[in-house]
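Structure data follow from protein15.txt (compact mmCIF, C-alpha atoms):
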# COMPACT_ATOMS: atom_id res chain seq x y z
CA MET A 1 1.96 17.24 17.06
CA SER A 2 -1.33 16.54 15.43
CA GLU A 3 -3.65 18.03 18.04
CA VAL A 4 -6.06 20.66 16.94
CA SER A 5 -4.27 23.30 18.92
CA CYS A 6 -4.99 26.66 17.40
CA HIS A 7 -3.62 29.98 18.37
CA THR A 8 -5.21 33.25 17.45
CA PRO A 9 -3.77 34.34 14.13
CA PRO A 10 -2.16 37.75 14.05
CA THR A 11 -4.46 40.45 12.83
CA ILE A 12 -3.53 41.20 9.27
CA THR A 13 -5.91 43.12 7.12
CA ALA A 14 -7.59 40.71 4.76
CA ASP A 15 -7.76 41.15 1.03
CA SER A 16 -11.31 41.91 -0.08
CA ASN A 17 -11.08 39.17 -2.69
CA PRO A 18 -11.51 35.93 -0.70
CA PHE A 19 -9.58 33.85 -3.23
CA ARG A 20 -6.58 36.16 -3.54
CA ASN A 21 -6.52 36.71 0.20
CA GLY A 22 -5.40 33.17 0.99
CA LEU A 23 -2.87 33.13 -1.79
CA TRP A 24 -0.91 36.10 -0.56
CA ARG A 25 -2.14 38.62 2.03
CA GLN A 26 -3.11 35.98 4.60
CA ASN A 27 -1.11 33.06 3.29
CA PRO A 28 -1.79 30.29 5.80
CA VAL A 29 1.83 29.18 6.19
CA PHE A 30 3.99 32.23 5.58
CA VAL A 31 1.74 34.88 7.09
CA MET A 32 -0.62 33.22 9.55
CA VAL A 33 1.76 30.37 10.44
CA LEU A 34 -1.12 27.89 10.70
CA GLY A 35 -1.28 24.20 9.97
CA MET A 36 2.29 23.58 11.01
CA CYS A 37 1.82 19.85 11.53
CA PRO A 38 1.56 18.88 7.84
CA THR A 39 3.77 21.80 6.88
CA LEU A 40 6.70 20.38 8.78
CA ALA A 41 5.88 16.69 8.57
CA ILE A 42 5.31 16.00 4.92
CA THR A 43 7.24 18.64 2.99
CA ASN A 44 10.36 16.58 2.42
CA SER A 45 9.53 16.11 -1.23
CA VAL A 46 7.77 18.27 -3.77
CA ARG A 47 5.38 15.48 -4.72
CA ASN A 48 4.24 14.93 -1.13
CA ALA A 49 3.82 18.66 -0.65
CA VAL A 50 1.69 19.18 -3.75
CA SER A 51 -0.46 16.13 -3.04
CA MET A 52 -1.11 17.13 0.54
CA GLY A 53 -1.88 20.71 -0.47
CA LEU A 54 -4.41 19.67 -3.11
CA ALA A 55 -6.13 17.16 -0.83
CA THR A 56 -6.44 19.83 1.86
CA THR A 57 -7.81 22.29 -0.68
CA PHE A 58 -10.49 19.86 -1.75
CA VAL A 59 -11.54 19.14 1.83
CA MET A 60 -11.67 22.84 2.66
CA VAL A 61 -13.75 23.83 -0.35
CA CYS A 62 -16.32 21.08 0.24
CA SER A 63 -16.65 21.46 3.98
CA TYR A 64 -16.74 25.27 3.94
CA GLY A 65 -19.58 25.17 1.49
CA LEU A 66 -21.47 22.91 3.85
CA ILE A 67 -20.59 24.85 6.99
CA SER A 68 -21.55 28.12 5.39
CA MET A 69 -24.86 26.66 4.28
CA ILE A 70 -25.85 25.72 7.84
CA ARG A 71 -24.10 28.61 9.57
CA ARG A 72 -27.30 30.25 10.78
CA LEU A 73 -28.53 27.03 12.37
CA ILE A 74 -25.42 26.39 14.46
CA PRO A 75 -25.66 27.57 18.09
CA LYS A 76 -22.38 29.23 18.94
CA GLN A 77 -21.64 26.95 21.89
CA VAL A 78 -21.38 23.89 19.68
CA ARG A 79 -19.94 25.47 16.55
CA ILE A 80 -16.47 23.94 16.97
CA ALA A 81 -17.89 20.45 17.43
CA THR A 82 -20.04 20.94 14.35
CA TYR A 83 -17.11 22.17 12.26
CA ILE A 84 -14.98 19.19 13.35
CA ALA A 85 -17.78 16.76 12.49
CA VAL A 86 -18.20 18.27 9.02
CA LEU A 87 -14.45 18.38 8.36
CA ALA A 88 -13.94 14.82 9.57
CA THR A 89 -16.76 13.66 7.31
CA ALA A 90 -15.27 15.44 4.31
CA VAL A 91 -11.88 13.88 5.02
CA THR A 92 -13.34 10.38 5.35
CA VAL A 93 -15.32 10.78 2.14
CA VAL A 94 -12.21 12.01 0.29
CA ASP A 95 -10.25 9.07 1.69
CA TYR A 96 -12.79 6.57 0.34
CA LEU A 97 -13.08 8.34 -2.99
CA VAL A 98 -9.32 8.47 -3.58
CA LYS A 99 -9.05 4.77 -2.73
CA ALA A 100 -11.81 3.97 -5.18
CA ILE A 101 -10.85 6.31 -8.01
CA SER A 102 -7.10 6.22 -8.41
CA ILE A 103 -4.53 3.71 -7.23
CA PRO A 104 -1.47 5.90 -7.94
CA ILE A 105 -2.89 8.87 -6.03
CA TYR A 106 -3.81 6.62 -3.16
CA VAL A 107 -0.33 5.13 -3.03
CA ALA A 108 1.15 8.64 -2.97
CA LEU A 109 -1.35 10.25 -0.61
CA GLY A 110 -2.95 7.49 1.43
CA ALA A 111 -1.01 8.16 4.58
CA TYR A 112 -1.65 11.90 4.60
CA ILE A 113 -5.35 12.22 3.99
CA PRO A 114 -6.42 11.39 7.55
CA LEU A 115 -3.98 14.07 8.76
CA ILE A 116 -6.04 16.81 7.12
CA VAL A 117 -8.67 16.76 9.83
CA SER A 118 -6.10 17.60 12.46
CA ASN A 119 -4.80 20.50 10.41
CA CYS A 120 -5.43 23.62 12.43
CA LEU A 121 -5.82 25.70 9.28
CA THR A 122 -9.00 23.92 8.23
CA LEU A 123 -10.66 24.59 11.57
CA GLU A 124 -9.40 28.15 11.81
CA ARG A 125 -10.87 29.19 8.47
CA ALA A 126 -14.17 27.50 9.34
CA GLU A 127 -14.31 29.59 12.49
CA ALA A 128 -12.95 32.81 11.05
CA TYR A 129 -14.66 32.78 7.68
CA ALA A 130 -17.02 30.02 6.62
CA GLY A 131 -19.07 30.23 9.82
CA LYS A 132 -19.92 33.86 9.05
CA GLN A 133 -19.87 34.33 5.27
CA PRO A 134 -22.10 33.25 2.40
CA VAL A 135 -21.55 29.95 0.61
CA ILE A 136 -19.76 31.06 -2.55
CA LYS A 137 -17.41 33.40 -0.70
CA SER A 138 -16.62 30.67 1.83
CA MET A 139 -15.80 28.18 -0.88
CA LEU A 140 -13.60 30.77 -2.60
CA ASP A 141 -11.86 31.36 0.70
CA GLY A 142 -11.26 27.63 1.03
CA LEU A 143 -9.91 27.52 -2.51
CA GLY A 144 -7.60 30.49 -2.00
CA MET A 145 -6.37 29.27 1.36
CA GLY A 146 -5.89 25.80 -0.07
CA PHE A 147 -3.87 27.06 -3.03
CA GLY A 148 -1.87 29.35 -0.76
CA PHE A 149 -1.18 26.36 1.46
CA THR A 150 -0.20 24.23 -1.55
CA ILE A 151 2.17 26.89 -2.86
CA ALA A 152 3.80 27.30 0.54
CA LEU A 153 4.21 23.56 1.04
CA THR A 154 5.67 23.23 -2.45
CA MET A 155 8.22 25.97 -1.77
CA LEU A 156 9.27 24.24 1.44
CA GLY A 157 9.27 20.85 -0.26
CA ALA A 158 11.45 22.15 -3.09
CA VAL A 159 14.12 23.46 -0.71
CA ARG A 160 14.12 20.26 1.32
CA GLU A 161 14.09 17.86 -1.60
CA VAL A 162 16.83 19.67 -3.53
CA LEU A 163 19.14 20.01 -0.53
CA GLY A 164 18.23 16.78 1.24
CA ALA A 165 18.06 14.37 -1.65
CA GLY A 166 19.59 16.23 -4.60
CA THR A 167 16.43 15.68 -6.62
CA PHE A 168 13.44 17.69 -7.80
CA LEU A 169 10.23 15.71 -8.32
CA GLY A 170 12.42 12.61 -8.23
CA VAL A 171 14.75 13.80 -11.02
CA HIS A 172 18.40 13.88 -10.04
CA LEU A 173 19.79 17.39 -10.37
CA PHE A 174 23.42 16.92 -9.55
CA GLY A 175 26.00 14.33 -10.52
CA ALA A 176 26.64 11.07 -8.71
CA ASN A 177 29.21 12.79 -6.50
CA PHE A 178 26.60 14.93 -4.80
CA GLU A 179 26.37 13.98 -1.13
CA PRO A 180 22.76 14.75 -0.07
CA TRP A 181 22.27 16.87 3.00
CA VAL A 182 20.05 14.31 4.75
CA LEU A 183 19.33 16.67 7.64
CA PHE A 184 16.90 18.52 5.39
CA LEU A 185 14.72 15.45 5.00
CA LEU A 186 14.52 15.00 8.76
CA PRO A 187 12.33 17.07 11.09
CA PRO A 188 15.04 19.66 11.90
CA GLY A 189 15.29 20.37 8.17
CA GLY A 190 11.61 21.26 8.16
CA PHE A 191 12.09 23.84 10.88
CA ILE A 192 15.23 25.25 9.28
CA SER A 193 13.67 25.63 5.82
CA LEU A 194 10.49 27.13 7.24
CA ALA A 195 12.58 29.61 9.23
CA MET A 196 14.53 30.52 6.10
CA TRP A 197 11.37 31.21 4.11
CA LEU A 198 9.83 33.23 6.96
CA LEU A 199 13.03 35.22 7.22
CA PHE A 200 12.98 35.88 3.50
CA PHE A 201 9.37 37.09 3.56
CA ALA A 202 10.01 39.26 6.62
CA TRP A 203 12.98 40.84 4.84
CA TRP A 204 10.94 41.38 1.71
CA LYS A 205 8.10 43.00 3.63
CA GLU A 206 10.49 45.29 5.45
CA ARG A 207 12.16 46.26 2.22
CA GLY A 208 8.77 47.11 0.74
CA ALA A 209 7.84 49.20 3.78
CA LYS A 210 11.14 51.12 3.59
CA ARG A 211 10.56 51.88 -0.07
CA GLU A 212 7.08 53.16 0.71
CA LEU A 213 8.56 55.41 3.36
CA ALA A 214 11.25 56.65 1.00
CA LYS A 215 8.63 57.38 -1.63
CA ALA A 216 6.48 59.27 0.85
CA ALA A 217 9.42 61.35 2.05
CA MET B 1 -10.31 30.73 19.25
CA SER B 2 -12.19 34.00 18.92
CA PRO B 3 -13.30 35.06 22.42
CA VAL B 4 -16.01 37.36 21.07
CA PRO B 5 -19.21 35.47 20.27
CA PRO B 6 -20.31 36.04 16.69
CA PRO B 7 -23.05 38.64 16.59
CA GLY B 8 -26.60 37.76 15.79
CA ARG B 9 -26.55 34.36 17.44
CA PRO B 10 -28.56 34.31 20.64
CA GLN B 11 -27.80 31.88 23.46
CA ALA B 12 -29.34 28.60 22.45
CA PRO B 13 -31.16 26.32 24.85
CA GLY B 14 -29.69 22.89 25.47
CA PHE B 15 -32.35 21.22 23.42
CA ARG B 16 -31.40 23.14 20.30
CA MET B 17 -27.74 22.21 20.64
CA VAL B 18 -28.54 18.54 21.10
CA ARG B 19 -30.89 18.63 18.15
CA LEU B 20 -28.35 20.31 15.89
CA LEU B 21 -25.46 18.06 16.90
CA GLY B 22 -27.70 15.04 16.53
CA THR B 23 -28.76 16.12 13.05
CA VAL B 24 -25.22 16.95 11.98
CA SER B 25 -23.92 13.59 13.25
CA LEU B 26 -26.77 11.79 11.55
CA VAL B 27 -26.15 13.51 8.21
CA CYS B 28 -22.39 12.98 8.50
CA GLY B 29 -22.92 9.35 9.40
CA ILE B 30 -25.20 8.82 6.42
CA LEU B 31 -22.66 10.50 4.13
CA ILE B 32 -19.82 8.32 5.39
CA VAL B 33 -21.78 5.08 5.27
CA GLY B 34 -23.14 6.01 1.83
CA THR B 35 -19.67 6.69 0.43
CA ASN B 36 -18.39 3.51 2.01
CA LEU B 37 -21.16 1.46 0.43
CA ALA B 38 -20.76 3.17 -2.92
CA THR B 39 -17.00 2.73 -3.06
CA SER B 40 -16.33 -0.53 -1.21
CA ASN B 41 -16.62 -2.65 -4.34
CA ARG B 42 -14.26 -0.45 -6.31
CA ILE B 43 -11.82 -0.33 -3.40
CA ARG B 44 -11.76 -4.12 -3.15
CA GLN B 45 -11.24 -4.39 -6.91
CA ASN B 46 -8.42 -1.86 -6.74
CA GLN B 47 -6.72 -3.73 -3.95
CA GLU B 48 -6.99 -6.87 -5.98
CA ILE B 49 -5.43 -5.08 -8.95
CA ILE B 50 -2.58 -3.88 -6.74
CA MET B 51 -2.03 -7.47 -5.55
CA ARG B 52 -2.22 -8.87 -9.05
CA ASN B 53 0.22 -6.30 -10.42
CA SER B 54 2.60 -6.96 -7.57
CA VAL B 55 2.54 -10.68 -8.22
CA ALA B 56 3.13 -10.09 -11.93
CA GLU B 57 6.06 -7.83 -11.11
CA LEU B 58 7.60 -10.38 -8.76
CA LEU B 59 7.26 -13.32 -11.14
CA PRO B 60 7.88 -12.00 -14.65
CA GLY B 61 6.23 -14.10 -17.32
CA ILE B 62 3.39 -15.25 -15.10
CA ARG B 63 0.20 -16.16 -16.97
CA LYS B 64 -1.70 -18.20 -14.43
CA GLN B 65 -1.81 -18.19 -10.68
CA ILE B 66 -3.25 -20.40 -7.97
CA VAL B 67 -3.89 -19.07 -4.48
CA TYR B 68 -3.30 -21.64 -1.77
CA GLY B 69 -4.46 -21.14 1.78
CA VAL B 70 -2.12 -22.57 4.39
CA GLU B 71 -3.98 -24.44 7.12
CA ALA B 72 -2.74 -24.75 10.69
CA SER B 73 -1.65 -28.33 10.00
CA GLY B 74 0.61 -27.13 7.18
CA GLU B 75 -1.71 -28.52 4.51
CA LEU B 76 -2.63 -26.47 1.45
CA LYS B 77 -6.10 -25.68 0.24
CA ILE B 78 -6.94 -23.96 -3.05
CA LEU B 79 -8.69 -20.64 -2.47
CA PRO B 80 -11.11 -19.11 -4.96
CA GLY B 81 -9.34 -15.78 -5.33
CA ILE B 82 -6.69 -13.39 -4.18
CA GLU B 83 -9.03 -11.52 -1.85
CA ALA B 84 -9.44 -14.45 0.58
CA GLU B 85 -8.26 -13.86 4.15
CA GLY B 86 -5.62 -15.73 6.09
CA LYS B 87 -2.18 -17.19 5.55
CA ARG B 88 -1.71 -17.99 1.92
CA LEU B 89 0.77 -18.32 -0.89
CA ILE B 90 0.37 -17.61 -4.55
CA ALA B 91 1.88 -20.03 -7.03
CA GLY B 92 2.69 -18.66 -10.48
CA TYR B 93 2.91 -20.50 -13.80
CA ASP B 94 3.98 -19.33 -17.24
CA ALA B 95 2.05 -19.64 -20.52
CA GLY B 96 3.08 -23.27 -20.93
CA GLY B 97 1.93 -24.14 -17.41
CA LYS B 98 5.47 -24.38 -16.08
CA PHE B 99 5.83 -23.55 -12.38
CA LEU B 100 7.75 -20.28 -11.84
CA GLY B 101 7.78 -19.80 -8.09
CA VAL B 102 5.62 -18.75 -5.20
CA VAL B 103 4.77 -15.31 -3.91
CA ILE B 104 4.46 -14.99 -0.15
CA GLU B 105 3.21 -12.08 1.94
CA ALA B 106 5.13 -10.90 4.98
CA SER B 107 4.98 -8.00 7.38
CA GLU B 108 7.00 -6.63 10.23
CA ARG B 109 7.11 -3.56 12.42
CA GLY B 110 9.38 -0.95 10.85
CA TYR B 111 10.42 2.45 12.10
CA ALA B 112 7.07 4.24 11.83
CA ASP B 113 4.53 1.48 11.39
CA VAL B 114 4.13 -2.02 10.03
CA ILE B 115 5.85 -2.60 6.70
CA SER B 116 3.95 -5.12 4.64
CA ALA B 117 5.51 -6.68 1.61
CA MET B 118 5.45 -9.58 -0.82
CA TYR B 119 8.36 -11.62 -2.01
CA ALA B 120 8.92 -14.25 -4.67
CA TYR B 121 10.53 -17.51 -3.60
CA SER B 122 12.04 -20.02 -5.96
CA PRO B 123 11.96 -23.51 -4.36
CA GLU B 124 14.27 -24.76 -7.08
CA LYS B 125 17.05 -22.32 -6.24
CA ARG B 126 16.06 -21.97 -2.56
CA GLU B 127 16.37 -18.26 -3.09
CA ILE B 128 14.27 -15.17 -2.75
CA VAL B 129 14.09 -13.81 -6.28
CA GLY B 130 12.05 -10.65 -5.80
CA PHE B 131 10.76 -8.35 -3.10
CA LYS B 132 8.17 -5.60 -3.14
CA VAL B 133 6.87 -3.37 -0.37
CA ILE B 134 3.10 -3.11 -0.53
CA ASP B 135 2.42 -0.70 2.30
CA MET B 136 4.54 1.29 4.71
CA ARG B 137 4.76 4.57 6.57
CA GLU B 138 8.53 4.86 6.80
CA THR B 139 10.27 8.23 6.92
CA PRO B 140 10.07 9.79 3.48
CA GLY B 141 13.53 10.22 2.02
CA LEU B 142 15.14 7.66 4.32
CA GLY B 143 13.22 4.58 5.43
CA ASP B 144 10.90 4.75 2.45
CA LYS B 145 13.81 3.69 0.27
CA VAL B 146 12.94 0.09 1.18
CA ARG B 147 10.45 0.67 -1.60
CA GLY B 148 12.04 1.71 -4.84
CA ASP B 149 15.74 2.05 -4.06
CA PRO B 150 17.41 0.13 -6.92
CA GLU B 151 20.51 -0.68 -4.88
CA PHE B 152 18.44 -2.14 -2.05
CA ALA B 153 16.31 -4.08 -4.52
CA LYS B 154 19.46 -5.82 -5.80
CA ASN B 155 19.65 -7.66 -2.46
CA PHE B 156 16.60 -9.65 -3.42
CA GLN B 157 17.73 -10.89 -6.79
CA GLY B 158 18.94 -14.21 -5.46
CA LEU B 159 18.89 -13.94 -1.67
CA ASP B 160 20.01 -17.29 -0.33
CA THR B 161 17.54 -18.78 2.17
CA ARG B 162 19.55 -21.85 3.15
CA HIS B 163 21.33 -19.74 5.76
CA PRO B 164 19.66 -17.33 8.15
CA ILE B 165 19.04 -13.98 6.46
CA THR B 166 20.99 -11.21 8.18
CA VAL B 167 21.16 -7.49 7.59
CA VAL B 168 24.64 -5.97 7.44
CA LYS B 169 25.89 -2.40 7.45
CA HIS B 170 25.74 -0.60 4.10
CA GLY B 171 28.56 -1.66 1.83
CA THR B 172 29.68 -4.71 3.81
CA LYS B 173 27.62 -7.45 2.17
CA LYS B 174 29.73 -10.55 1.70
CA SER B 175 27.49 -13.59 1.28
CA ALA B 176 24.32 -14.29 -0.65
CA SER B 177 22.25 -14.58 2.51
CA GLU B 178 23.09 -11.07 3.67
CA ILE B 179 21.09 -7.91 3.00
CA ASP B 180 23.06 -4.73 2.46
CA ALA B 181 21.26 -2.13 4.59
CA ILE B 182 20.30 1.30 3.26
CA SER B 183 22.55 3.92 4.77
CA GLY B 184 20.47 6.17 7.02
CA ALA B 185 17.66 3.63 7.24
CA THR B 186 19.07 0.85 9.37
CA ILE B 187 15.87 0.24 11.31
CA SER B 188 13.75 -0.11 8.18
CA SER B 189 16.35 -2.34 6.55
CA ARG B 190 16.56 -4.55 9.62
CA ALA B 191 12.77 -4.80 9.70
CA VAL B 192 12.85 -6.11 6.13
CA GLY B 193 15.50 -8.66 7.12
CA ARG B 194 13.53 -9.82 10.17
CA MET B 195 10.34 -10.02 8.14
CA LEU B 196 11.95 -12.22 5.50
CA GLU B 197 13.80 -14.42 7.97
CA LYS B 198 10.63 -15.08 9.98
CA SER B 199 8.49 -15.67 6.93
CA VAL B 200 11.04 -17.91 5.22
CA GLU B 201 11.34 -20.00 8.36
CA ASP B 202 7.58 -20.24 8.60
CA MET B 203 6.53 -20.71 4.99
CA THR B 204 9.30 -22.37 3.00
CA PRO B 205 8.92 -25.76 4.78
CA VAL B 206 5.27 -25.71 3.72
CA VAL B 207 6.25 -24.92 0.13
CA LEU B 208 8.93 -27.59 0.00
CA LYS B 209 6.70 -30.22 1.61
CA ASN B 210 3.93 -29.60 -0.92
CA LEU B 211 6.20 -28.83 -3.84
CA ASP B 212 4.98 -31.71 -6.03
CA ARG B 213 1.43 -30.62 -5.66
CA ILE B 214 2.22 -26.95 -6.29
CA GLU B 215 4.27 -27.80 -9.40
CA ARG B 216 1.39 -29.84 -10.80
CA GLY B 217 -0.94 -26.99 -9.93
CA ASN B 218 -3.71 -28.85 -8.19
structure tokens encoding of this file:
Amino acid sequence: MSEVSCHTPPTITADSNPFRNGLWRQNPVFVMVLGMCPTLAITNSVRNAVSMGLATTFVMVCSYGLISMIRRLIPKQVRIATYIAVLATAVTVVDYLVKAISIPIYVALGAYIPLIVSNCLTLERAEAYAGKQPVIKSMLDGLGMGFGFTIALTMLGAVREVLGAGTFLGVHLFGANFEPWVLFLLPPGGFISLAMWLLFFAWWKERGAKRELAKAA
Amino acid sequence: MSPVPPPGRPQAPGFRMVRLLGTVSLVCGILIVGTNLATSNRIRQNQEIIMRNSVAELLPGIRKQIVYGVEASGELKILPGIEAEGKRLIAGYDAGGKFLGVVIEASERGYADVISAMYAYSPEKREIVGFKVIDMRETPGLGDKVRGDPEFAKNFQGLDTRHPITVVKHGTKKSASEIDAISGATISSRAVGRMLEKSVEDMTPVVLKNLDRIERGN
């Protein structure tokens, strides 16, 4: 499930503010449905979700800056290969740095960092944004997308951890008699919780559209 | 991806592509090698700290340790430090120089990947007196309970090694040589059992044979 298999994201009008855009209007998980591999695989606890989101954010900001800097030099036939090389380098560098800087973060995150390079979202934004836009805007886009990704993963992680383990950030929420719903920690739980969130956002959007219509009428 | 070529970028000749990819790979390579060089010392130190902390956790009260390498003949050889490669055991002593026990490394294939761990063995009691997972990729929420689940950890406070170590279904532990499996993580629990059984069979004869020497600490 970790191939870099990207589909064309649905056309949704982007927010003019590159940072805010990723947070909401084009949220990578809930709107563009990108980067599903980490989204489903590692969101069974809030801590995992936040860690993965922040590591991805860091990689995106750094590599988009770099990609944007050399965007005019990249012939279009080899742009994907170039993006992958830059992303893979950023991931490897982050992996080394985390190992060297902090033992607790490495223990929590070590297994997930190499996964970032196979995250479709990172490649998609390089192609759709950083390869065409100036450096600062590209880095802001990476930051917004990264935070949007982190928020989405955390929301999924919260549902799965609370239902599947009865804890939030490792703190037990219910009494000893609570029988955890283990299914939510397993892969099916990832799909079910993602579907529930997507359903919720679809309902919310529709409700908003209806209200607009009612107002106009 | 986007079928429409980005505007303003003319078709590039092969030479330009090769040159760009070559340059990008070169720069990326330099970055990676540079980071590796700059961080490798710190990473080794950190790994040593992790090892040291684990040993201290497994043998409470430890003040001094000696790392022995185990040679193919079963003889022991004192190694300079914890970072040395190969089969080894770590003997721990308290402030007064009294021998506390040995810490042995073990690993075994779990559900997702190899689980590597360390355990403390007391030759006096012939028991495993502590167990700690160092690295694993087990399913979060299930198999990863081999690290950190207090109920599972209780198995290793006095796990008898005079009988073969077996893993039994959760809640059916009867004897001191049995490990009570984690419910929902049978494969990971069994891997821990296999790992300990194999390692005990392999390493405890060496410890017992050289016990005098280890107790004296030379």
Can you work out which residues from chain A touch chain B at a cut-off of 9 Å (counting all atoms listed in the file) and hand them back as a PDB file with C-alpha atoms, in the frame of the given file?
ATOM      1  CA  CYS A   6      -4.990  26.660  17.400  1.00  0.00           C
ATOM      2  CA  HIS A   7      -3.620  29.980  18.370  1.00  0.00           C
ATOM      3  CA  THR A   8      -5.210  33.250  17.450  1.00  0.00           C
ATOM      4  CA  ILE A  42       5.310  16.000   4.920  1.00  0.00           C
ATOM      5  CA  ASN A  44      10.360  16.580   2.420  1.00  0.00           C
ATOM      6  CA  SER A  45       9.530  16.110  -1.230  1.00  0.00           C
ATOM      7  CA  ARG A  72     -27.300  30.250  10.780  1.00  0.00           C
ATOM      8  CA  LEU A  73     -28.530  27.030  12.370  1.00  0.00           C
ATOM      9  CA  ILE A  74     -25.420  26.390  14.460  1.00  0.00           C
ATOM     10  CA  PRO A  75     -25.660  27.570  18.090  1.00  0.00           C
ATOM     11  CA  LYS A  76     -22.380  29.230  18.940  1.00  0.00           C
ATOM     12  CA  GLN A  77     -21.640  26.950  21.890  1.00  0.00           C
ATOM     13  CA  VAL A  78     -21.380  23.890  19.680  1.00  0.00           C
ATOM     14  CA  ALA A  81     -17.890  20.450  17.430  1.00  0.00           C
ATOM     15  CA  THR A  82     -20.040  20.940  14.350  1.00  0.00           C
ATOM     16  CA  ALA A  85     -17.780  16.760  12.490  1.00  0.00           C
ATOM     17  CA  VAL A  86     -18.200  18.270   9.020  1.00  0.00           C
ATOM     18  CA  ALA A  88     -13.940  14.820   9.570  1.00  0.00           C
ATOM     19  CA  THR A  89     -16.760  13.660   7.310  1.00  0.00           C
ATOM     20  CA  ALA A  90     -15.270  15.440   4.310  1.00  0.00           C
ATOM     21  CA  THR A  92     -13.340  10.380   5.350  1.00  0.00           C
ATOM     22  CA  VAL A  93     -15.320  10.780   2.140  1.00  0.00           C
ATOM     23  CA  TYR A  96     -12.790   6.570   0.340  1.00  0.00           C
ATOM     24  CA  LEU A  97     -13.080   8.340  -2.990  1.00  0.00           C
ATOM     25  CA  LYS A  99      -9.050   4.770  -2.730  1.00  0.00           C
ATOM     26  CA  ALA A 100     -11.810   3.970  -5.180  1.00  0.00           C
ATOM     27  CA  ILE A 101     -10.850   6.310  -8.010  1.00  0.00           C
ATOM     28  CA  SER A 102      -7.100   6.220  -8.410  1.00  0.00           C
ATOM     29  CA  ILE A 103      -4.530   3.710  -7.230  1.00  0.00           C
ATOM     30  CA  VAL A 107      -0.330   5.130  -3.030  1.00  0.00           C
ATOM     31  CA  ALA A 111      -1.010   8.160   4.580  1.00  0.00           C
ATOM     32  CA  GLU A 124      -9.400  28.150  11.810  1.00  0.00           C
ATOM     33  CA  GLU A 127     -14.310  29.590  12.490  1.00  0.00           C
ATOM     34  CA  ALA A 128     -12.950  32.810  11.050  1.00  0.00           C
ATOM     35  CA  LYS A 132     -19.920  33.860   9.050  1.00  0.00           C
ATOM     36  CA  GLU A 161      14.090  17.860  -1.600  1.00  0.00           C
ATOM     37  CA  GLY A 164      18.230  16.780   1.240  1.00  0.00           C
ATOM     38  CA  ALA A 165      18.060  14.370  -1.650  1.00  0.00           C
ATOM     39  CA  VAL A 182      20.050  14.310   4.750  1.00  0.00           C
ATOM     40  CA  LEU A 185      14.720  15.450   5.000  1.00  0.00           C
ATOM     41  CA  LEU A 186      14.520  15.000   8.760  1.00  0.00           C
TER      42      LEU A 186
END
What's the separation between CA of Asp95 in chain A and CA of Gly146 in chain A, in Å to one decimal place?
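We find that CA of Asp95 in chain A and CA of Gly146 in chain A lie 17.4 Å from each other.
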Residue among A:Ala55, A:Ile136, A:Met69, A:Cys120 lying closest to Val91 in chain A, counting all atoms listed in the file
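Looking only at the distances to Val91 in chain A, the closest residue turns out to be A:Ala55.
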For the atom pair CA of Ala91 in chain B and CA of Ile78 in chain B, what is the interatomic distance in Å to one decimal place?
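About the pair CA of Ala91 in chain B and CA of Ile78 in chain B: they are 10.4 Å apart.
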Quick one: distance from CA of Gly157 in chain A to CA of Trp181 in chain A in Å, one decimal?
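We find that CA of Gly157 in chain A and CA of Trp181 in chain A lie 14.0 Å from each other.
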Could you give me, as an MDAnalysis selection string, the residues within 12 Å of Thr166 in chain B, counting only C-alpha atoms and dropping anything in the same chain fewer than 4 positions from it?
chainID B and resid 155 159:162 172:181 189:198
Need to verify the contact set: Val146 in chain B, 9 Å, all atoms listed in the file, exclusion of same-chain residues closer than 6 positions in sequence. Can you return it as a short mmCIF file (atom, residue, chain, number, x, y, z; two decimals) with C-alpha atoms, in the coordinates of the input?
data_model
loop_
_atom_site.label_atom_id
_atom_site.label_comp_id
_atom_site.auth_asym_id
_atom_site.auth_seq_id
_atom_site.Cartn_x
_atom_site.Cartn_y
_atom_site.Cartn_z
CA LYS B 132 8.17 -5.60 -3.14
CA VAL B 133 6.87 -3.37 -0.37
CA GLU B 138 8.53 4.86 6.80
CA PHE B 152 18.44 -2.14 -2.05
CA ALA B 153 16.31 -4.08 -4.52
CA ILE B 182 20.30 1.30 3.26
CA ALA B 185 17.66 3.63 7.24
CA SER B 188 13.75 -0.11 8.18
CA SER B 189 16.35 -2.34 6.55
CA VAL B 192 12.85 -6.11 6.13
#
Who sits within 10 Å of Gly101 in chain B, all atoms listed in the file, same chain under 5 positions skipped, as a PyMOL selection string:
chain B and resi 58-59+62+90-94+120-125+128-129+207+214-215
Neighbour residues at most 10 Å from (6.5, 17.9, -0.1) (all atoms listed in the file) as a count of residues only:
30
